[in-house]
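Have a look at data_29.txt below; it lists compact mmCIF, C-alpha atoms.
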# COMPACT_ATOMS: atom_id res chain seq x y z
CA SER A 1 -60.25 -27.07 -45.52
CA GLY A 2 -62.35 -26.68 -48.67
CA VAL A 3 -64.48 -24.01 -47.03
CA ARG A 4 -61.39 -22.17 -45.80
CA GLN A 5 -59.90 -22.20 -49.30
CA ALA A 6 -63.15 -20.96 -50.84
CA VAL A 7 -63.40 -18.12 -48.32
CA MET A 8 -59.79 -17.12 -48.95
CA ARG A 9 -60.32 -17.22 -52.74
CA VAL A 10 -63.39 -14.97 -52.53
CA ALA A 11 -61.58 -12.55 -50.21
CA GLU A 12 -58.61 -12.42 -52.59
CA ARG A 13 -60.86 -11.66 -55.57
CA ALA A 14 -62.55 -8.91 -53.55
CA GLY A 15 -59.17 -7.34 -52.81
CA VAL A 16 -59.27 -8.03 -49.08
CA ARG A 17 -55.73 -7.90 -47.74
CA LYS A 18 -56.47 -9.20 -44.24
CA HIS A 19 -56.27 -12.93 -43.53
CA VAL A 20 -59.86 -14.16 -43.82
CA HIS A 21 -61.07 -17.48 -42.47
CA PRO A 22 -64.49 -19.10 -41.85
CA HIS A 23 -64.45 -18.37 -38.11
CA LEU A 24 -64.02 -14.68 -38.88
CA LEU A 25 -67.29 -14.87 -40.82
CA ARG A 26 -68.99 -16.29 -37.70
CA HIS A 27 -67.66 -13.36 -35.67
CA PHE A 28 -68.88 -10.92 -38.30
CA LEU A 29 -72.33 -12.53 -38.47
CA CYS A 30 -72.71 -12.48 -34.69
CA SER A 31 -71.67 -8.83 -34.43
CA LEU A 32 -73.92 -7.85 -37.32
CA LEU A 33 -76.96 -9.59 -35.82
CA LEU A 34 -76.37 -7.93 -32.45
CA GLU A 35 -75.84 -4.52 -34.04
CA ARG A 36 -79.12 -4.92 -35.94
CA GLY A 37 -81.00 -5.59 -32.71
CA MET A 38 -81.33 -9.37 -32.54
CA ASN A 39 -81.49 -10.45 -28.91
CA LEU A 40 -78.58 -12.28 -27.36
CA ARG A 41 -80.41 -15.57 -26.78
CA THR A 42 -81.53 -15.81 -30.42
CA VAL A 43 -78.02 -15.06 -31.69
CA SER A 44 -76.69 -17.72 -29.33
CA GLU A 45 -79.14 -20.26 -30.77
CA VAL A 46 -78.36 -19.29 -34.39
CA LEU A 47 -74.64 -19.81 -33.80
CA GLY A 48 -75.14 -23.00 -31.81
CA HIS A 49 -73.43 -21.76 -28.66
CA ARG A 50 -74.03 -23.97 -25.63
CA SER A 51 -73.53 -21.10 -23.23
CA LEU A 52 -75.03 -17.63 -23.39
CA ASN A 53 -71.73 -16.40 -21.91
CA THR A 54 -69.96 -17.29 -25.16
CA THR A 55 -72.28 -15.03 -27.13
CA ALA A 56 -72.13 -12.31 -24.47
CA GLY A 57 -68.46 -11.80 -25.30
CA TYR A 58 -69.46 -10.73 -28.81
CA ALA A 59 -72.02 -8.33 -27.35
CA GLU A 60 -69.35 -6.62 -25.25
CA VAL A 61 -67.18 -6.11 -28.32
CA THR A 62 -70.14 -4.79 -30.32
CA VAL A 63 -71.16 -2.32 -27.62
CA GLY A 64 -67.56 -1.17 -27.25
CA LEU A 65 -67.23 -0.54 -31.00
CA MET A 66 -70.52 1.36 -31.09
CA ARG A 67 -69.46 3.46 -28.10
CA LYS A 68 -66.16 4.28 -29.79
CA ALA A 69 -67.88 5.23 -33.06
CA LEU A 70 -70.32 7.46 -31.20
CA GLN A 71 -67.54 9.22 -29.30
CA GLU A 72 -65.60 9.79 -32.52
CA THR A 73 -68.52 11.12 -34.55
CA HIS A 74 -71.01 12.75 -32.22
CA PRO A 75 -70.33 16.44 -31.50
CA ARG A 76 -70.86 15.94 -27.77
CA GLY A 77 -69.10 12.57 -27.70
CA GLN A 78 -65.65 14.12 -27.63
CA THR A 79 -64.27 14.73 -24.16
Go ahead and express the file in the form of structure tokens.
Amino acid sequence: SGVRQAVMRVAERAGVRKHVHPHLLRHFLCSLLLERGMNLRTVSEVLGHRSLNTTAGYAEVTVGLMRKALQETHPRGQT
């Protein structure tokens, strides 16, 4: 609970309005590592996932967000 309180305090000082918790930071780290090109197996090991399938769920979200950003910003991405 001490970590959760520290994370919430830092978020509050930074002006973050969304509910922030330690697990959200794990999600963010995983997505960031995947976006920056780290391979799925390495990310899985860094986060301590027992199954590669657990990490693969983050990859699907990351790819989906990148696809959406590309469609919204690229001149030929609009359909």
Long-range neighbours of His23 of chain A as a list in words, 12 Å cut-off, all atoms listed in the file, 2 positions minimum in chain: Val3, Arg4, Val7, Met8, His19, Val20, His21, Leu25, Arg26, His27, Phe28, Leu29, Cys30 and Leu47 of chain A
Residue nearest Leu34 of chain A among A:Arg9, A:Gly57, A:Lys18, A:Thr73 (counting only C-alpha atoms):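 The closest residue to Leu34 of chain A is A:Gly57.
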Pairwise distance for atom CA of Ala59 of chain A and atom CA of Asn39 of chain A, rounded to one decimal in Å: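 Distance reported for this atom pair: 9.8 Å.
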Straight-line distance linking atom CA of Gln5 of chain A with atom CA of Ala56 of chain A, stated in Å to one decimal: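 Here the two named atoms are 29.4 Å from each other.
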Interatomic distance (Å, one decimal) between atom CA of Pro22 of chain A and atom CA of Ser1 of chain A: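 That distance, rounded to one decimal, is 9.7 Å.
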